[in-house]
Each structure stands twice: as C-alpha cells, then as structure tokens.
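Undergrad: What follows is a structure written as structure tokens; I'll ask about it next.
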Amino acid sequence: MNTANLWFNNTNVDNLTAKTYNSGFHEAHDTYNALSAASDGNIYYVLSSDQIHVGGKMYLYDPKKDETEFLGDLTEICGENNQMSIPQGKSHVRFYERNGKLYFSTHVGYYELINGMDRLPVNPPSGYKLYPGGRILSYDMKTKEFESLALIPNGEGMVSMTMDCDRGHVFGISWPKGNFIHYNIDKNELKDLGLTSGTGEAGEPGDDFRSLCRSLVVDPADGIVYFSTSKGDIFSYNPEKFKIDILEDVNLRLDYFGKYDPSRPGSMGYNWREIFWYKPEGLAYGVHGNSGYLFKFDPQKSLVELIRRITSEPSAKSGMFDQFSYGYLGFQLGPDGETIYYLTGGPIYIHGKRVNGQSEIAKGGAKGLENLHLITYNIPDDIYIDHGPIFYQNGDRPLYVNSIAIGKGGEVYALARITENEHTRTDLIKIADPFKKIKS
C-alpha cells in the first residue's frame, strides 16, 4: 500500500521525501537521540539492539562520500564482549564534542517484562549475567579510538545526559531508578548524587513510579545544570558544591500542558521532553512532549513562558495530542544558531476522518499510526513553518523517530524504522534542506 495516499489535511504544503540508508545492522531496533552532527562534517549515530546476543553499534555517515561506516560495537568498546553479560544495547543520548573527541554514554537495550512493563532484568537468560551498568565513553574523531571513562553505579544504564563542554563535566540520570550522575572528565571523578524523582521507572505504578527526565540543560555562564520531574518540579545542580536544589518559584504544572498523575506510567507527565540553552537570550528553549508546547525557561527570573504549540498544523487544528505517548525527542537548534528543527507527529485522515489510536498505553510508545512532520521555528523572527509530512520514495512513512541532526548543508537526519524485503530495522534517513524547496 502507498501510505502517502492516506494523508489528507487542509495545509498547503507538499510532502517531503527521505532517503534511506542501510548501515548493515539487521537487528537494529528503535533508537532514541544517539545522533549528532560533528565539527568534522560527519554525522555520528548509534543503532540500538533489544537482543540478548548483540549490542548496539556506532556508525558515521560521510556526506561528501554519501556513505556510512561502522565504527564499533558498544559491548566490545566497553570491554565486555567476553563477559556473557546483558549487552550494552543502546546509547540514549546525543554526542557532545570537546577537544576533538565525542562524549556519550550507554544504556541497556534488553529488558525483562515484569507486570506488563519493560524493566531492568533481574532474571537474565541462562548463561548470562546481569547488566553491568552503562558507561561514559569518548571517541577520538582523528584516531578513531574509543575510551571507556566511567561505569554507571548500581548496574543501571544512562537514560539522559548532557555536558558542559567548556568545563569538562558530564551530567546524567540513570535508569531505571533515576540517580543523578556527575562525572568530571579532567579529574576522572564520578559522583552519584542519589535519586531525582521517586524511585524512577523502577517504582510501582500508583505509588513511587516516576517517568524520568530525558533532557538536561547547562547554563554555560555558571555551569549549573537543570532538569525536570514528572511532578513538574525543576531542579538545579551546582557542580562546584555537589548540591541539588528545587527551584521554589517556578514549575511546569501548567494547565496548557494537560493533567497528569505522575505516579502512573504511559506519559512523561509534566516533564519537559527536550530542552537546549539559547545563548543570545541567556535562557533555555524547551518543548513539552504530550502537548507540544514550545516554551522559554529563564532560571534567573524563575520564569516559564509559553510561546506556541510547535506541533504540526494538522495536530494543532485537531486539538489532540500526538500518538507517541512521551512526545518526540527530535528537537534541536539548527546550525544557524536561531532556527529550531522539530520532528513531530501529524494525524492521518482517511476520507476526512482522523485515524485514532489507543486511549493509553503502559509505557512510552506509539498509541497509533501517524505521519512524521518537519517543523521549523525561527526564534528572532517568530516564524513557524510546517514543511509537511515525510515519506520514503516507496510511499512508506518513517516511524518511531526520536532523533534529529542538522548537517552543515541544512539537510535533516534522523533514525527511523525502515521496511525492506518484509523485514523492519531502524536506520539512518536524510531529508534535503527544506528551505531550498521553499526558495525554489
């Protein structure tokens, strides 16, 4: 079926076409973040695995050659390929660049289904050991050498990470319990600051379960890092004092974001979904995943200010949340330093009727089928553009897209499900610079 023919709305935008790549990883599974453009012009990415026998794999894409290159298996990079432990199945974070090296972290990809939820395994398959814990890694772009820098404590993975590239500090949140991690690269010193929100996603639904923040942001002026919780609180961490504080005068419990029970799985609650620092204004821009609201966060003024819904036009007109229960991670400032790029959902209409999904699910995932739209928002000029839905050349739509990178030429990259020869894998896709299409 040509799924492009299922799309209908009242916007005056054309469809975008995505080129697909085959990195050679047959088992590649849904991947979150793990995609960045680097200063050498290459695009770096990790493809995840949910299998017990194979770990995640790291690649680069060279735009000049239009080719992908395999760089390494995460489990082998961590020195664990002969341990028969649950493998390093994924990276859940972007790459951060400092002094010619890329810094990132690993996460578990193989789960145990316990009471209907994906959990950190406590009963590994016969012959396997428990997950040893995620690692903070570096990759030298010139020598192509990896280094394992630190082990995440308590056998947990790293679900969120950011970095103060000037000062050499890595900050993250572990999964599933949600401990705050601080690693000083220059001192080779790791600190575990304890739980950030209930007992995180290891907690019991209706009690101490809390969806964990997937994005942290650093104020480059003072090095203080900020993160949110599903209850809507915002916390700061001062790396000089090793101290976490709640911001008393500002929070994310806004009516426009919706109403949530933080103790129940299936949404990110009041958490921001993604956030980045915007130096020209000295504050952060973020998006709330479920509602799709773009907002400013100014920690100095203790202010959260809504700007507009940055969802697709069809979503905004429908008045409904998108189908991905956590919202989308493909939210990033472009190379011009002033344009936000956002890959988000858009409803599908058949014969004028919106296709609905499940009312709720017990974990993060898609409640139903929807289109993928590319949105841009220019901050200084306050210009929003829905560039339209994205399809492959064969008419299929990219699914489970929670990553984005913008190349030096304005092209947009993501990691998405691709079906070929009746087999579905996750792999790299590329969309031509959308603004060239507008100018032409």
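By convention here, the chains of the structure tokens are called A, B, ... in the order presented, each chain's residues are numbered starting at 1, and ligands are numbered starting at 1 in the order presented.
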Please return, as a ChimeraX atom specification, all residues of segment 371-409 of chain A that DSSP assigns to strand (DSSP E or B) on the basis of the backbone.
TA: /A:371-378,383-392,399,402,405-406
Undergrad: If we count only C-alpha atoms and set the cut-off at 12 Å, which residues sit around His423 of chain A, ignoring sequence neighbours fewer than 2 positions away in its own chain? Please answer as a list in words.
TA: Phe25, His26, Glu27, Ala28, His29, Arg417, Ile418, Thr419, Glu420, Asn421, Arg425 and Thr426 of chain A
Undergrad: Convert the current residue selection to file output with C-alpha atoms, as a tab-separated table (two decimals), in the first residue's frame.
TA:
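And here is the file that came out, out.tsv:
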```tsv
chain	number	residue	atom	x	y	z
A	25	PHE	CA	22.79	-3.87	11.13
A	26	HIS	CA	19.94	-6.32	10.56
A	27	GLU	CA	18.79	-6.35	14.21
A	28	ALA	CA	18.78	-2.56	14.68
A	29	HIS	CA	15.87	-1.51	16.88
A	417	ARG	CA	12.06	2.30	11.08
A	418	ILE	CA	12.61	1.12	7.52
A	419	THR	CA	10.93	-1.95	5.99
A	420	GLU	CA	12.66	-3.71	3.12
A	421	ASN	CA	12.11	-7.27	1.88
A	425	ARG	CA	15.01	-2.35	11.02
A	426	THR	CA	15.95	1.10	12.33
```
Undergrad: Select, from A:Asn179, A:Asn81, A:Asn184, A:Ser302, the residue with the minimum atom-to-atom distance to Leu212 of chain A, counting only C-alpha atoms.
TA: A:Asn179
Undergrad: Which one is closest to Lys19 of chain A: A:Asn123, A:Gly134, A:Gly258, A:Asp66? Count only C-alpha atoms.
TA: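 Between A:Asn123, A:Gly134, A:Gly258, A:Asp66, the residue approaching Lys19 of chain A most closely is A:Asp66.
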Undergrad: Please report, as a list of chain:residue names, each residue of segment 116-259 of chain A to which DSSP assigns helix (DSSP H, G or I) when run on this structure's backbone.
TA: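 Answer for segment 116-259 of chain A, restricted to helix (DSSP H, G or I): A:Pro153, A:Asn154, A:Gly155, A:Gly200, A:Glu201, A:Ala202, A:Asp255, A:Tyr256, A:Phe257.
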Undergrad: Excluding same-chain residues fewer than 6 positions from Phe104 of chain A, what lies within 8 Å of it counting only C-alpha atoms, as an mmCIF file with N, CA and C atoms, in the first residue's frame?
TA:
```cif
data_model
loop_
_atom_site.group_PDB
_atom_site.id
_atom_site.type_symbol
_atom_site.label_atom_id
_atom_site.label_comp_id
_atom_site.auth_asym_id
_atom_site.auth_seq_id
_atom_site.Cartn_x
_atom_site.Cartn_y
_atom_site.Cartn_z
ATOM 1 N N SER A 91 22.705 3.533 23.026
ATOM 2 C CA SER A 91 23.005 4.825 23.615
ATOM 3 C C SER A 91 21.713 5.617 23.540
ATOM 4 N N VAL A 93 21.562 8.984 24.226
ATOM 5 C CA VAL A 93 21.937 10.395 24.362
ATOM 6 C C VAL A 93 22.621 10.897 23.101
ATOM 7 N N ARG A 94 22.666 12.204 22.957
ATOM 8 C CA ARG A 94 23.409 12.828 21.869
ATOM 9 C C ARG A 94 24.912 12.713 22.123
ATOM 10 N N PHE A 95 25.680 13.105 21.122
ATOM 11 C CA PHE A 95 27.128 13.192 21.252
ATOM 12 C C PHE A 95 27.513 14.632 21.575
ATOM 13 N N TYR A 96 28.488 14.785 22.472
ATOM 14 C CA TYR A 96 28.959 16.109 22.874
ATOM 15 C C TYR A 96 30.452 16.197 22.555
ATOM 16 N N ILE A 136 30.287 5.776 30.450
ATOM 17 C CA ILE A 136 30.569 7.035 29.768
ATOM 18 C C ILE A 136 31.783 6.791 28.885
ATOM 19 N N LEU A 137 31.640 7.107 27.591
ATOM 20 C CA LEU A 137 32.671 6.802 26.603
ATOM 21 C C LEU A 137 33.114 8.061 25.878
ATOM 22 N N SER A 138 34.308 7.972 25.286
ATOM 23 C CA SER A 138 34.770 9.020 24.385
ATOM 24 C C SER A 138 35.226 8.375 23.083
ATOM 25 N N MET A 161 21.612 12.492 29.335
ATOM 26 C CA MET A 161 22.952 13.025 29.544
ATOM 27 C C MET A 161 23.088 14.363 28.847
#
```
Undergrad: Please provide the set of residues having any atom within 6 Å of segment 108-121 of chain A, restricted to only C-alpha atoms, with same-chain residues fewer than 4 positions apart removed, written as a ChimeraX atom specification.
TA: /A:49-51,88-90,157
Undergrad: Would you please work out which residue, of A:Ala18, A:Ala366, A:Leu47, A:Ala38, is nearest to Arg98 of chain A when using only C-alpha atoms?
TA: A:Ala38
Undergrad: Identify which of the residues A:Pro262, A:Lys101, A:Ile307, A:Tyr32 lies closest to Ser215 of chain A, counting only C-alpha atoms when measuring atom-to-atom distances.
TA: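 Nearest candidate to Ser215 of chain A out of A:Pro262, A:Lys101, A:Ile307, A:Tyr32: A:Tyr32.
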Undergrad: At a cut-off of 10 Å, using only C-alpha atoms, what residues contact Ile340 of chain A? Leave out same-chain residues fewer than 2 positions from it and give the result as a VMD selection string.
TA: chain A and resid 285 310 331 to 338 342 375 to 379 384
Undergrad: Extract, using only C-alpha atoms, all DNA, RNA and protein residues at most 8 Å from Ile43 of chain A, discarding same-chain residues fewer than 2 positions from it, and format them as a list of chain:residue names.
TA: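 Final neighbour list, sorted by chain and number: A:Leu35, A:Ser36, A:Ala37, A:Ala38, A:Gly41, A:Tyr45, A:Leu60, A:Tyr61, A:Asp62, A:Pro63, A:Ala405, A:Gly407.
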Undergrad: Filtering to C-alpha atoms, could you give me those residues as a PDB file, in the first residue's frame?
TA:
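Output contents, as saved in again_25.pdb:
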```pdb
ATOM      1  CA  LEU A  35      22.525  11.092  16.577  1.00  0.00           C
ATOM      2  CA  SER A  36      24.623  14.252  16.145  1.00  0.00           C
ATOM      3  CA  ALA A  37      26.435  16.343  13.576  1.00  0.00           C
ATOM      4  CA  ALA A  38      30.092  16.947  14.464  1.00  0.00           C
ATOM      5  CA  GLY A  41      31.174  17.449   8.925  1.00  0.00           C
ATOM      6  CA  TYR A  45      24.908   7.736  15.315  1.00  0.00           C
ATOM      7  CA  LEU A  60      29.304   7.594  10.980  1.00  0.00           C
ATOM      8  CA  TYR A  61      27.804   8.978   7.807  1.00  0.00           C
ATOM      9  CA  ASP A  62      30.102  10.949   5.492  1.00  0.00           C
ATOM     10  CA  PRO A  63      28.001  13.459   3.494  1.00  0.00           C
ATOM     11  CA  ALA A 405      20.670  16.161  13.470  1.00  0.00           C
ATOM     12  CA  GLY A 407      24.026  18.897   8.618  1.00  0.00           C
TER      13      GLY A 407
END
```
Undergrad: What does the distance between atom CA of Gly79 of chain A and atom CA of Ser148 of chain A come to in Å, to one decimal place?
TA: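 A separation of 8.3 Å between them.
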Undergrad: Identify which of the residues A:Asn290, A:Ser105, A:Asn356, A:Gln300 lies closest to Thr344 of chain A, counting only C-alpha atoms when measuring atom-to-atom distances.
TA: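 Using only C-alpha atoms, the shortest distance to Thr344 of chain A belongs to A:Asn290.
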Undergrad: Between A:Phe146, A:Asp73, A:Glu80, A:Asn33, single out the one closest to Tyr328 of chain A, counting only C-alpha atoms.
TA: A:Asn33
Undergrad: What's the separation between atom CA of Arg167 of chain A and atom CA of Cys78 of chain A, in Å to one decimal place?
TA: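 About the pair atom CA of Arg167 of chain A and atom CA of Cys78 of chain A: they are 24.6 Å apart.
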Undergrad: Separation of atom CA of Pro398 of chain A and atom CA of Val54 of chain A, in Å?
TA: 24.3 Å
